[in-house]
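Just my_file_19.cif here, mmCIF, C-alpha atoms and all ligand atoms:
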```cif
data_protein
loop_
_atom_site.group_PDB
_atom_site.id
_atom_site.type_symbol
_atom_site.label_atom_id
_atom_site.label_comp_id
_atom_site.auth_asym_id
_atom_site.auth_seq_id
_atom_site.Cartn_x
_atom_site.Cartn_y
_atom_site.Cartn_z
ATOM 1 C CA PRO A 1 68.145 125.156 99.288
ATOM 2 C CA HIS A 2 71.495 123.979 98.061
ATOM 3 C CA ASP A 3 74.992 125.139 98.762
ATOM 4 C CA GLU A 4 77.451 126.538 96.258
ATOM 5 C CA THR A 5 79.174 123.188 95.803
ATOM 6 C CA TRP A 6 75.974 121.503 94.678
ATOM 7 C CA LYS A 7 75.187 124.315 92.238
ATOM 8 C CA THR A 8 78.710 124.255 90.797
ATOM 9 C CA LEU A 9 78.471 120.471 90.472
ATOM 10 C CA HIS A 10 75.219 120.809 88.538
ATOM 11 C CA THR A 11 76.765 123.330 86.181
ATOM 12 C CA HIS A 12 80.067 121.575 85.497
ATOM 13 C CA ILE A 13 79.686 117.836 86.058
ATOM 14 C CA ASP A 14 78.966 116.950 82.400
ATOM 15 C CA GLU A 15 82.051 118.821 81.259
ATOM 16 C CA TRP A 16 84.261 117.155 83.926
ATOM 17 C CA VAL A 17 82.884 113.738 82.979
ATOM 18 C CA ALA A 18 83.586 114.449 79.291
ATOM 19 C CA VAL A 19 87.187 115.455 80.035
ATOM 20 C CA SER A 20 87.738 112.414 82.264
ATOM 21 C CA LYS A 21 86.188 110.100 79.706
ATOM 22 C CA THR A 22 89.143 110.645 77.369
ATOM 23 C CA HIS A 23 91.233 108.803 80.005
ATOM 24 C CA THR A 24 89.315 105.572 79.404
ATOM 25 C CA LEU A 25 91.660 105.153 76.421
ATOM 26 C CA GLU A 26 94.603 104.620 78.787
ATOM 27 C CA GLY A 27 92.959 101.639 80.458
ATOM 28 C CA HIS A 28 91.803 98.100 79.778
ATOM 29 C CA VAL A 29 88.640 96.312 80.872
ATOM 30 C CA ALA A 30 89.383 93.412 83.262
ATOM 31 C CA SER A 31 89.401 90.089 81.452
ATOM 32 C CA TYR A 32 90.579 87.557 84.054
ATOM 33 C CA ILE A 33 86.893 87.184 84.918
ATOM 34 C CA PRO A 34 85.663 86.470 81.346
ATOM 35 C CA GLU A 35 82.177 87.918 81.892
ATOM 36 C CA LEU A 36 83.618 91.328 82.905
ATOM 37 C CA ALA A 37 85.388 91.604 79.546
ATOM 38 C CA ASN A 38 81.974 92.183 77.919
ATOM 39 C CA ALA A 39 81.757 95.696 79.390
ATOM 40 C CA SER A 40 82.619 98.434 76.961
ATOM 41 C CA GLY A 41 85.772 100.376 77.825
ATOM 42 C CA ASP A 42 84.541 103.866 76.996
ATOM 43 C CA ILE A 43 81.894 104.001 79.711
ATOM 44 C CA LEU A 44 82.026 106.586 82.502
ATOM 45 C CA GLY A 45 79.153 107.369 84.848
ATOM 46 C CA ILE A 46 78.725 109.083 88.215
ATOM 47 C CA CYS A 47 76.054 109.658 90.842
ATOM 48 C CA LEU A 48 76.460 112.097 93.721
ATOM 49 C CA MET A 49 73.824 111.989 96.465
ATOM 50 C CA ASP A 50 73.261 114.528 99.211
ATOM 51 C CA SER A 51 71.869 113.826 102.676
ATOM 52 C CA GLU A 52 68.304 114.488 101.515
ATOM 53 C CA GLY A 53 68.637 111.916 98.755
ATOM 54 C CA GLN A 54 68.863 114.408 95.898
ATOM 55 C CA THR A 55 71.120 113.186 93.147
ATOM 56 C CA ILE A 56 73.309 114.552 90.409
ATOM 57 C CA LEU A 57 73.775 112.009 87.611
ATOM 58 C CA SER A 58 76.129 112.321 84.682
ATOM 59 C CA GLY A 59 77.529 110.211 81.844
ATOM 60 C CA ASP A 60 76.646 106.525 81.675
ATOM 61 C CA SER A 61 75.088 106.518 85.129
ATOM 62 C CA ASN A 62 72.491 103.892 84.120
ATOM 63 C CA PHE A 63 75.148 101.281 83.370
ATOM 64 C CA ARG A 64 74.810 98.224 85.615
ATOM 65 C CA PHE A 65 77.850 96.427 87.001
ATOM 66 C CA THR A 66 78.886 94.105 89.822
ATOM 67 C CA LEU A 67 80.294 95.336 93.136
ATOM 68 C CA GLN A 68 83.441 93.165 92.999
ATOM 69 C CA SER A 69 85.901 94.395 95.636
ATOM 70 C CA ILE A 70 83.584 97.165 96.842
ATOM 71 C CA SER A 71 81.530 94.392 98.425
ATOM 72 C CA LYS A 72 84.482 93.659 100.737
ATOM 73 C CA VAL A 73 83.786 96.840 102.718
ATOM 74 C CA PHE A 74 80.247 95.770 103.539
ATOM 75 C CA SER A 75 81.012 92.114 104.166
ATOM 76 C CA LEU A 76 83.663 93.347 106.613
ATOM 77 C CA ILE A 77 81.067 95.496 108.369
ATOM 78 C CA LEU A 78 78.608 92.592 108.564
ATOM 79 C CA ALA A 79 81.337 90.298 109.916
ATOM 80 C CA LEU A 80 82.126 92.923 112.576
ATOM 81 C CA MET A 81 78.439 93.173 113.484
ATOM 82 C CA ASP A 82 78.199 89.355 113.666
ATOM 83 C CA ASN A 83 81.414 88.676 115.609
ATOM 84 C CA GLY A 84 82.868 91.873 117.095
ATOM 85 C CA GLU A 85 86.351 93.300 116.610
ATOM 86 C CA ASP A 86 88.364 90.728 118.551
ATOM 87 C CA VAL A 87 87.244 87.749 116.485
ATOM 88 C CA VAL A 88 87.587 89.611 113.174
ATOM 89 C CA PHE A 89 91.115 90.791 113.933
ATOM 90 C CA SER A 90 92.180 87.316 114.963
ATOM 91 C CA LYS A 91 91.605 86.350 111.292
ATOM 92 C CA VAL A 92 92.877 89.436 109.418
ATOM 93 C CA GLY A 93 95.463 92.139 110.077
ATOM 94 C CA MET A 94 95.294 95.917 109.801
ATOM 95 C CA GLU A 95 98.184 96.760 107.477
ATOM 96 C CA PRO A 96 98.405 97.804 103.804
ATOM 97 C CA THR A 97 100.493 95.473 101.632
ATOM 98 C CA GLY A 98 101.797 97.464 98.653
ATOM 99 C CA ASP A 99 101.151 94.328 96.576
ATOM 100 C CA ASP A 100 98.466 93.484 94.029
ATOM 101 C CA PHE A 101 94.999 92.740 95.443
ATOM 102 C CA ASN A 102 95.271 89.019 94.679
ATOM 103 C CA SER A 103 98.919 88.636 95.659
ATOM 104 C CA MET A 104 100.156 85.506 97.369
ATOM 105 C CA LEU A 105 103.483 87.051 98.325
ATOM 106 C CA LYS A 106 102.966 88.088 101.907
ATOM 107 C CA LEU A 107 100.568 85.545 103.321
ATOM 108 C CA GLU A 108 103.266 83.978 105.480
ATOM 109 C CA LEU A 109 104.602 87.185 106.936
ATOM 110 C CA ILE A 110 101.977 88.447 109.360
ATOM 111 C CA GLU A 111 101.709 86.370 112.515
ATOM 112 C CA PRO A 112 100.133 83.855 112.752
ATOM 113 C CA GLY A 113 99.754 83.397 109.001
ATOM 114 C CA ILE A 114 96.718 85.660 108.610
ATOM 115 C CA PRO A 115 96.100 88.050 105.659
ATOM 116 C CA PHE A 116 97.428 91.604 106.001
ATOM 117 C CA ASN A 117 94.039 93.314 105.798
ATOM 118 C CA PRO A 118 90.357 92.592 104.999
ATOM 119 C CA LEU A 119 90.351 94.372 101.620
ATOM 120 C CA ILE A 120 92.883 92.222 99.750
ATOM 121 C CA ASN A 121 91.375 89.015 98.345
ATOM 122 C CA ALA A 122 92.916 86.728 100.970
ATOM 123 C CA GLY A 123 91.551 88.929 103.775
ATOM 124 C CA ALA A 124 88.112 89.234 102.209
ATOM 125 C CA ILE A 125 87.894 85.449 101.775
ATOM 126 C CA ALA A 126 88.705 85.058 105.486
ATOM 127 C CA ILE A 127 85.987 87.629 106.259
ATOM 128 C CA SER A 128 83.403 85.765 104.137
ATOM 129 C CA SER A 129 83.828 82.739 106.384
ATOM 130 C CA LEU A 130 82.896 84.876 109.419
ATOM 131 C CA ILE A 131 79.428 85.818 108.137
ATOM 132 C CA ALA A 132 76.888 84.133 110.423
ATOM 133 C CA GLY A 133 74.613 81.426 108.995
ATOM 134 C CA GLN A 134 73.989 77.679 109.083
ATOM 135 C CA SER A 135 74.914 77.186 105.411
ATOM 136 C CA PRO A 136 76.516 79.125 102.543
ATOM 137 C CA ASP A 137 72.999 79.825 101.221
ATOM 138 C CA GLU A 138 71.990 81.346 104.522
ATOM 139 C CA GLN A 139 75.201 83.414 104.672
ATOM 140 C CA ILE A 140 74.547 84.713 101.145
ATOM 141 C CA GLU A 141 70.921 85.503 102.044
ATOM 142 C CA ARG A 142 72.064 87.497 105.094
ATOM 143 C CA ILE A 143 74.615 89.400 103.014
ATOM 144 C CA LEU A 144 71.984 90.255 100.400
ATOM 145 C CA HIS A 145 69.566 91.362 103.075
ATOM 146 C CA PHE A 146 72.202 93.637 104.627
ATOM 147 C CA PHE A 147 73.380 95.131 101.314
ATOM 148 C CA ARG A 148 69.753 95.753 100.243
ATOM 149 C CA ASP A 149 69.139 97.591 103.494
ATOM 150 C CA ILE A 150 72.233 99.799 103.133
ATOM 151 C CA ALA A 151 71.422 100.565 99.480
ATOM 152 C CA ASN A 152 67.719 100.924 100.326
ATOM 153 C CA ASN A 153 67.072 98.787 97.274
ATOM 154 C CA PRO A 154 65.198 95.493 97.882
ATOM 155 C CA SER A 155 65.868 94.324 94.325
ATOM 156 C CA LEU A 156 69.670 93.973 94.616
ATOM 157 C CA SER A 157 70.681 90.453 93.635
ATOM 158 C CA VAL A 158 73.569 88.290 92.495
ATOM 159 C CA ASN A 159 74.389 88.394 88.776
ATOM 160 C CA GLN A 160 74.576 84.639 88.139
ATOM 161 C CA ASN A 161 76.559 84.981 84.903
ATOM 162 C CA VAL A 162 79.327 86.919 86.626
ATOM 163 C CA PHE A 163 79.204 84.561 89.619
ATOM 164 C CA LYS A 164 79.631 81.520 87.396
ATOM 165 C CA SER A 165 82.269 83.127 85.237
ATOM 166 C CA GLU A 166 84.327 84.069 88.290
ATOM 167 C CA SER A 167 83.775 80.752 90.033
ATOM 168 C CA ASP A 168 84.864 78.763 86.942
ATOM 169 C CA THR A 169 88.116 80.690 86.502
ATOM 170 C CA ALA A 170 89.133 81.511 90.089
ATOM 171 C CA HIS A 171 92.285 79.433 90.249
ATOM 172 C CA ARG A 172 94.205 82.075 92.136
ATOM 173 C CA ASN A 173 91.446 82.776 94.664
ATOM 174 C CA ARG A 174 91.104 79.037 95.154
ATOM 175 C CA SER A 175 94.837 78.822 95.892
ATOM 176 C CA LEU A 176 94.585 81.670 98.383
ATOM 177 C CA ALA A 177 91.661 79.966 100.098
ATOM 178 C CA TYR A 178 93.467 76.608 100.357
ATOM 179 C CA PHE A 179 96.455 78.389 101.783
ATOM 180 C CA LEU A 180 94.258 80.078 104.396
ATOM 181 C CA LYS A 181 92.611 76.751 105.169
ATOM 182 C CA ASP A 182 96.010 75.174 105.703
ATOM 183 C CA ASN A 183 96.991 78.027 108.023
ATOM 184 C CA GLY A 184 93.882 77.389 110.127
ATOM 185 C CA VAL A 185 92.276 80.740 109.220
ATOM 186 C CA LEU A 186 89.113 79.179 107.695
ATOM 187 C CA ASP A 187 86.707 77.057 109.741
ATOM 188 C CA GLN A 188 84.488 76.400 106.718
ATOM 189 C CA GLU A 189 85.252 74.277 103.659
ATOM 190 C CA VAL A 190 87.062 76.125 100.865
ATOM 191 C CA ASP A 191 84.281 75.662 98.284
ATOM 192 C CA ASP A 192 81.650 76.961 100.680
ATOM 193 C CA VAL A 193 83.649 80.066 101.621
ATOM 194 C CA LEU A 194 84.376 80.841 97.987
ATOM 195 C CA ARG A 195 80.707 80.545 97.061
ATOM 196 C CA VAL A 196 79.916 83.194 99.677
ATOM 197 C CA TYR A 197 82.832 85.383 98.530
ATOM 198 C CA PHE A 198 82.037 85.174 94.779
ATOM 199 C CA SER A 199 78.368 85.824 95.503
ATOM 200 C CA HIS A 200 78.962 89.105 97.296
ATOM 201 C CA CYS A 201 81.443 90.186 94.598
ATOM 202 C CA SER A 202 78.758 89.472 91.966
ATOM 203 C CA ILE A 203 75.950 91.588 93.434
ATOM 204 C CA GLU A 204 74.742 93.888 90.675
ATOM 205 C CA VAL A 205 74.218 97.626 91.234
ATOM 206 C CA ASP A 206 74.274 100.974 89.468
ATOM 207 C CA CYS A 207 75.927 104.282 90.409
ATOM 208 C CA THR A 208 72.884 105.407 92.402
ATOM 209 C CA ASP A 209 73.039 102.254 94.567
ATOM 210 C CA LEU A 210 76.732 102.913 95.204
ATOM 211 C CA ALA A 211 76.084 106.547 96.112
ATOM 212 C CA ARG A 212 73.355 105.536 98.562
ATOM 213 C CA MET A 213 75.615 102.935 100.206
ATOM 214 C CA ALA A 214 78.398 105.522 100.403
ATOM 215 C CA LEU A 215 76.021 108.053 101.945
ATOM 216 C CA VAL A 216 75.457 105.763 104.940
ATOM 217 C CA LEU A 217 79.231 105.580 105.476
ATOM 218 C CA ALA A 218 79.546 109.359 104.971
ATOM 219 C CA HIS A 219 77.080 109.757 107.848
ATOM 220 C CA ASN A 220 78.893 107.299 110.113
ATOM 221 C CA GLY A 221 76.350 104.499 109.822
ATOM 222 C CA VAL A 222 73.118 106.496 109.848
ATOM 223 C CA ASP A 223 70.999 106.590 106.695
ATOM 224 C CA PRO A 224 70.303 110.357 106.705
ATOM 225 C CA ILE A 225 67.324 109.946 104.372
ATOM 226 C CA ARG A 226 65.412 107.390 106.456
ATOM 227 C CA LYS A 227 67.011 108.829 109.605
ATOM 228 C CA GLN A 228 67.873 105.365 110.819
ATOM 229 C CA ARG A 229 71.083 103.896 112.217
ATOM 230 C CA LEU A 230 72.115 100.892 110.136
ATOM 231 C CA ILE A 231 75.707 100.331 111.339
ATOM 232 C CA PRO A 232 77.412 101.050 114.691
ATOM 233 C CA ARG A 233 79.674 104.083 114.355
ATOM 234 C CA ARG A 234 82.842 102.208 115.384
ATOM 235 C CA PHE A 235 82.451 99.691 112.560
ATOM 236 C CA VAL A 236 82.044 102.474 109.998
ATOM 237 C CA GLN A 237 85.186 104.061 111.408
ATOM 238 C CA ILE A 238 87.054 100.774 110.915
ATOM 239 C CA ALA A 239 85.694 100.374 107.371
ATOM 240 C CA LYS A 240 86.561 103.950 106.343
ATOM 241 C CA THR A 241 90.049 103.663 107.794
ATOM 242 C CA PHE A 242 90.716 100.552 105.708
ATOM 243 C CA MET A 243 89.242 102.296 102.667
ATOM 244 C CA PHE A 244 91.669 105.150 103.179
ATOM 245 C CA THR A 245 94.758 102.990 103.701
ATOM 246 C CA CYS A 246 93.962 99.992 101.445
ATOM 247 C CA GLY A 247 90.808 100.778 99.428
ATOM 248 C CA MET A 248 92.487 101.525 96.098
ATOM 249 C CA TYR A 249 94.805 98.487 96.372
ATOM 250 C CA ASN A 250 98.478 99.341 95.944
ATOM 251 C CA ALA A 251 97.582 102.772 94.560
ATOM 252 C CA SER A 252 96.032 103.822 97.879
ATOM 253 C CA GLY A 253 98.928 106.166 98.708
ATOM 254 C CA GLU A 254 98.740 107.950 95.367
ATOM 255 C CA PHE A 255 94.947 108.225 95.638
ATOM 256 C CA ALA A 256 95.282 109.597 99.181
ATOM 257 C CA LEU A 257 97.605 112.315 97.880
ATOM 258 C CA ASN A 258 95.546 113.230 94.802
ATOM 259 C CA VAL A 259 92.002 112.823 96.135
ATOM 260 C CA GLY A 260 92.273 112.415 99.909
ATOM 261 C CA LEU A 261 88.940 110.655 100.534
ATOM 262 C CA PRO A 262 88.104 107.154 101.819
ATOM 263 C CA ALA A 263 87.290 105.074 98.737
ATOM 264 C CA LYS A 264 86.979 101.506 97.506
ATOM 265 C CA SER A 265 87.384 100.306 93.965
ATOM 266 C CA GLY A 266 86.398 97.068 92.216
ATOM 267 C CA VAL A 267 87.661 95.384 89.032
ATOM 268 C CA SER A 268 84.314 96.132 87.392
ATOM 269 C CA GLY A 269 85.718 99.681 87.199
ATOM 270 C CA SER A 270 83.571 100.858 90.063
ATOM 271 C CA ILE A 271 84.538 103.302 92.820
ATOM 272 C CA LEU A 272 82.581 104.055 95.973
ATOM 273 C CA THR A 273 83.666 107.168 97.839
ATOM 274 C CA MET A 274 82.200 109.958 99.916
ATOM 275 C CA VAL A 275 82.634 113.455 101.217
ATOM 276 C CA PRO A 276 82.424 112.780 104.970
ATOM 277 C CA GLY A 277 79.302 114.244 106.541
ATOM 278 C CA GLN A 278 77.956 115.302 103.147
ATOM 279 C CA TYR A 279 77.753 113.297 99.925
ATOM 280 C CA GLY A 280 77.814 109.686 98.807
ATOM 281 C CA ILE A 281 79.496 109.121 95.439
ATOM 282 C CA GLY A 282 79.278 106.165 93.045
ATOM 283 C CA ILE A 283 81.335 105.956 89.859
ATOM 284 C CA VAL A 284 81.781 103.370 87.122
ATOM 285 C CA GLY A 285 84.349 103.340 84.330
ATOM 286 C CA PRO A 286 85.333 99.772 83.402
ATOM 287 C CA ALA A 287 88.680 100.620 81.759
ATOM 288 C CA LEU A 288 91.298 99.983 84.466
ATOM 289 C CA ASN A 289 94.877 101.099 85.004
ATOM 290 C CA ARG A 290 97.670 98.677 85.892
ATOM 291 C CA LYS A 291 96.753 98.780 89.589
ATOM 292 C CA GLY A 292 93.171 97.719 88.819
ATOM 293 C CA ASN A 293 91.450 101.094 89.348
ATOM 294 C CA SER A 294 89.189 102.915 86.872
ATOM 295 C CA THR A 295 91.407 105.308 84.869
ATOM 296 C CA ALA A 296 88.617 107.759 84.121
ATOM 297 C CA GLY A 297 87.032 107.391 87.550
ATOM 298 C CA VAL A 298 90.259 108.249 89.356
ATOM 299 C CA HIS A 299 90.784 111.191 87.015
ATOM 300 C CA LEU A 300 87.267 112.500 87.656
ATOM 301 C CA LEU A 301 87.722 112.276 91.421
ATOM 302 C CA GLY A 302 91.007 114.164 91.107
ATOM 303 C CA ILE A 303 89.168 117.031 89.391
ATOM 304 C CA LEU A 304 86.351 117.089 91.968
ATOM 305 C CA SER A 305 88.676 116.929 94.952
ATOM 306 C CA GLN A 306 90.803 119.792 93.661
ATOM 307 C CA GLU A 307 87.864 121.916 92.624
ATOM 308 C CA PHE A 308 86.101 121.645 95.997
ATOM 309 C CA ASP A 309 89.116 121.100 98.268
ATOM 310 C CA TRP A 310 87.724 117.720 99.378
ATOM 311 C CA SER A 311 90.952 116.193 100.678
ATOM 312 C CA MET A 312 90.624 115.336 104.355
ATOM 313 C CA PHE A 313 94.008 116.970 105.008
HETATM 314 N N1 LIG B 401 85.912 89.181 92.688
HETATM 315 C C1 LIG B 401 87.174 89.769 92.369
HETATM 316 C C2 LIG B 401 88.304 88.791 92.687
HETATM 317 O O1 LIG B 401 88.232 88.123 93.658
HETATM 318 C C3 LIG B 401 87.338 91.021 93.174
HETATM 319 C C4 LIG B 401 88.658 91.658 92.929
HETATM 320 C C5 LIG B 401 88.596 93.121 92.753
HETATM 321 O O2 LIG B 401 87.576 93.751 92.515
HETATM 322 N N2 LIG B 401 89.774 93.686 92.810
HETATM 323 O O3 LIG B 401 89.271 88.668 91.956
#
```
Exercise: express the given structure as structure tokens:
Amino acid sequence: PHDETWKTLHTHIDEWVAVSKTHTLEGHVASYIPELANASGDILGICLMDSEGQTILSGDSNFRFTLQSISKVFSLILALMDNGEDVVFSKVGMEPTGDDFNSMLKLELIEPGIPFNPLINAGAIAISSLIAGQSPDEQIERILHFFRDIANNPSLSVNQNVFKSESDTAHRNRSLAYFLKDNGVLDQEVDDVLRVYFSHCSIEVDCTDLARMALVLAHNGVDPIRKQRLIPRRFVQIAKTFMFTCGMYNASGEFALNVGLPAKSGVSGSILTMVPGQYGIGIVGPALNRKGNSTAGVHLLGILSQEFDWSMF
């Protein structure tokens, strides 16, 4: 038996997706990773999943894409599970930056030369080096294993074309990593850390995978469908707090005002968000605004949040 919200969603989701889809025209597909530029700009898809695993799908929900920055949330959680809070926060800070996700501007400012937070590229690269394992291959295997468990999808894997495309063109990420290495933030070699980082960014999913991953966060680390705890509650709390303050890059404040939910976006045009205690939500719309977030996806979440009063405040 479903609540009013679910019924209203069923009735109206196609119409809300259609309206939001017109906003894809305002955006541009990311091209700094050449392989991502192949995605078509007029795509918009969504999956909402309730705590019994029932889904509402609309638009281009079968489109497959790579996690990109969304992966940073789950690599952070795995690094916390591997090392605990003290070690993790000796390598990254807790503050939003207000700068672009790949900015080099503020790396010197936080003492002692550590990245501001784990969701900007510099922070996520530092986090990649904290994943336990004897070799980059083993680290990547552990990440895949963890992500497959959260998504309850054993077939998740790295899209090698996107991995290679990103790896071949990652001059800025390479600079960030060398800078971190020089500051003593990375124990591993730069090339090894970047291989781990690009691999988790290149894991391929669809909206249903995202919704399932979000559902586990919405239920504070318990998969409500398998009724199994996958993540300690404190680490989900840390992850969701960063999503709220830094998850939409330097548009996190605007998103907090207009939508008011913890969310994480990726340059593939993906957004993972949730209604705490209730639904997991996965969205993809590759056309991005200037801040690197899906134009249509943000618009769609604005409609949903207003309609159902989903803001946490
Ligand atoms: N892999 C991408 C990068 O490092 C992730 C960035 C993003 O999604 N914003 O540039």
(request) Write out as a list of chain:residue names each polymer residue (protein, DNA or RNA) that has an atom no more than 6 Å from ligand LIG 401 (chain B), with all atoms listed in the file counted. (result)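 Protein and nucleic-acid residues within 6 Å of ligand LIG 401 (chain B): A:Gln68, A:Ser69, A:Phe101, A:Asn121, A:Phe198, A:Cys201, A:Gly266, A:Val267.
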(request) Have a look at A:Asn173, A:Thr11, A:Thr208, A:Ser167 and name the one nearest to Val284 of chain A; count all atoms listed in the file. (result)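 Nearest candidate to Val284 of chain A out of A:Asn173, A:Thr11, A:Thr208, A:Ser167: A:Thr208.
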(request) Tell me which of A:Ala218, A:Val185, A:Val275, A:Val158 sits closest to Ser202 of chain A, counting only C-alpha atoms. (result)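 Closest to Ser202 of chain A, using only C-alpha atoms: A:Val158.
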(request) Would you mind telling me which residue in A:Ile120, A:Ile33, A:Trp310, A:Leu130 lies nearest to Ala170 of chain A when using only C-alpha atoms? (result)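 Answer, going by the shortest atom-to-atom distance: A:Ile33.
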(request) Decode the PyMOL selection byres (((chain A and resi 15-24) around 9) and not hetatm) for the given file into explicit residues and return them as a ChimeraX atom specification. (result) /A:11-14,25-28,41-46,58-59,285-288,294-300,303-304
(request) Provide the atom CA of Ala132 of chain A to atom CA of Ala79 of chain A distance in Å, to one decimal place. (result) 7.6 Å
(request) Tell me, in Å to one decimal, how far atom CA of Ser103 of chain A is from atom CA of Arg290 of chain A. (result) 14.1 Å
(request) Record the distance separating atom CA of Pro262 of chain A and atom CA of Asp99 of chain A, expressed in Å with one decimal. (result) 19.0 Å
Neighbour list for Arg174 of chain A as a tab-separated table (two decimals) with C-alpha atoms, in the frame of the given file, cut-off 9 Å, all atoms listed in the file, skip fewer than 6 positions in-chain:
```tsv
chain	number	residue	atom	x	y	z
A	190	VAL	CA	87.06	76.12	100.86
A	191	ASP	CA	84.28	75.66	98.28
A	194	LEU	CA	84.38	80.84	97.99
```
(message) Please determine, counting all atoms listed in the file, which residue among A:Gln237, A:Asn258, A:Ser31, A:Gln139 has the shortest atom-to-atom distance to Val73 of chain A.
(response)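 Of A:Gln237, A:Asn258, A:Ser31, A:Gln139, the one nearest Val73 of chain A, counting all atoms listed in the file, is A:Gln237.
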(request) Place a sphere of radius 12 Å on (78.9, 91.1, 115.6) in the file coordinates and name every protein, DNA or RNA residue with an atom inside or on its surface, counting all atoms listed in the file; give the answer as an NGL selection string. (result) :A and (75-88 or 130-132 or 231-232 or 234-235)
(request) Just say which residues the PyMOL selection byres (((chain A and resi 252) around 12) and not hetatm) picks in this file, as a PyMOL selection string. (result) chain A and resi 96-101+119+241-251+253-265+291-293+298
(request) Find, counting only C-alpha atoms, the residue in A:Leu48, A:Ala122, A:Leu156, A:Leu230 that gets nearest to Tyr279 of chain A. (result)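 Nearest candidate to Tyr279 of chain A out of A:Leu48, A:Ala122, A:Leu156, A:Leu230: A:Leu48.
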(request) Kindly indicate which residue among A:Ala151, A:Val193, A:Ile70, A:Val236 lies nearest to Thr273 of chain A, using all atoms listed in the file for the distances. (result)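 Closest to Thr273 of chain A, using all atoms listed in the file: A:Ile70.
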Expand the PyMOL selection byres (((chain A and resi 204) around 12) and not hetatm) into the individual residues it matches in the shown file, reporting them as an mmCIF file with C-alpha atoms, in the frame of the given file.
```cif
data_model
loop_
_atom_site.group_PDB
_atom_site.id
_atom_site.type_symbol
_atom_site.label_atom_id
_atom_site.label_comp_id
_atom_site.auth_asym_id
_atom_site.auth_seq_id
_atom_site.Cartn_x
_atom_site.Cartn_y
_atom_site.Cartn_z
ATOM 1 C CA PHE A 63 75.148 101.281 83.370
ATOM 2 C CA ARG A 64 74.810 98.224 85.615
ATOM 3 C CA PHE A 65 77.850 96.427 87.001
ATOM 4 C CA THR A 66 78.886 94.105 89.822
ATOM 5 C CA LEU A 67 80.294 95.336 93.136
ATOM 6 C CA GLN A 68 83.441 93.165 92.999
ATOM 7 C CA ILE A 70 83.584 97.165 96.842
ATOM 8 C CA SER A 71 81.530 94.392 98.425
ATOM 9 C CA LEU A 144 71.984 90.255 100.400
ATOM 10 C CA PHE A 147 73.380 95.131 101.314
ATOM 11 C CA ARG A 148 69.753 95.753 100.243
ATOM 12 C CA ALA A 151 71.422 100.565 99.480
ATOM 13 C CA ASN A 153 67.072 98.787 97.274
ATOM 14 C CA SER A 155 65.868 94.324 94.325
ATOM 15 C CA LEU A 156 69.670 93.973 94.616
ATOM 16 C CA SER A 157 70.681 90.453 93.635
ATOM 17 C CA VAL A 158 73.569 88.290 92.495
ATOM 18 C CA ASN A 159 74.389 88.394 88.776
ATOM 19 C CA GLN A 160 74.576 84.639 88.139
ATOM 20 C CA ASN A 161 76.559 84.981 84.903
ATOM 21 C CA VAL A 162 79.327 86.919 86.626
ATOM 22 C CA PHE A 163 79.204 84.561 89.619
ATOM 23 C CA SER A 199 78.368 85.824 95.503
ATOM 24 C CA HIS A 200 78.962 89.105 97.296
ATOM 25 C CA CYS A 201 81.443 90.186 94.598
ATOM 26 C CA SER A 202 78.758 89.472 91.966
ATOM 27 C CA ILE A 203 75.950 91.588 93.434
ATOM 28 C CA VAL A 205 74.218 97.626 91.234
ATOM 29 C CA ASP A 206 74.274 100.974 89.468
ATOM 30 C CA CYS A 207 75.927 104.282 90.409
ATOM 31 C CA THR A 208 72.884 105.407 92.402
ATOM 32 C CA ASP A 209 73.039 102.254 94.567
ATOM 33 C CA LEU A 210 76.732 102.913 95.204
ATOM 34 C CA SER A 268 84.314 96.132 87.392
ATOM 35 C CA SER A 270 83.571 100.858 90.063
#
```
(request) Could you please give me, as a list of chain:residue names, the residues of protein, DNA or RNA lying at most 10 Å from (76.2, 77.6, 104.6) in the coordinate frame of the file, considering only C-alpha atoms? (result)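 In the file's frame, the residues around the point are A:Ser129, A:Ile131, A:Ala132, A:Gly133, A:Gln134, A:Ser135, A:Pro136, A:Asp137, A:Glu138, A:Gln139, A:Ile140, A:Glu141, A:Gln188, A:Glu189, A:Asp192, A:Val193, A:Arg195, A:Val196.
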With all atoms of segment 4-13 of chain A from the file as input, state the centre and edge lengths in Å to one decimal of the axis-aligned box that has 4 Å extra on each side, as lines of an AutoDock Vina configuration file.
```
center_x = 77.6
center_y = 122.2
center_z = 90.9
size_x = 12.9
size_y = 16.7
size_z = 18.8
```
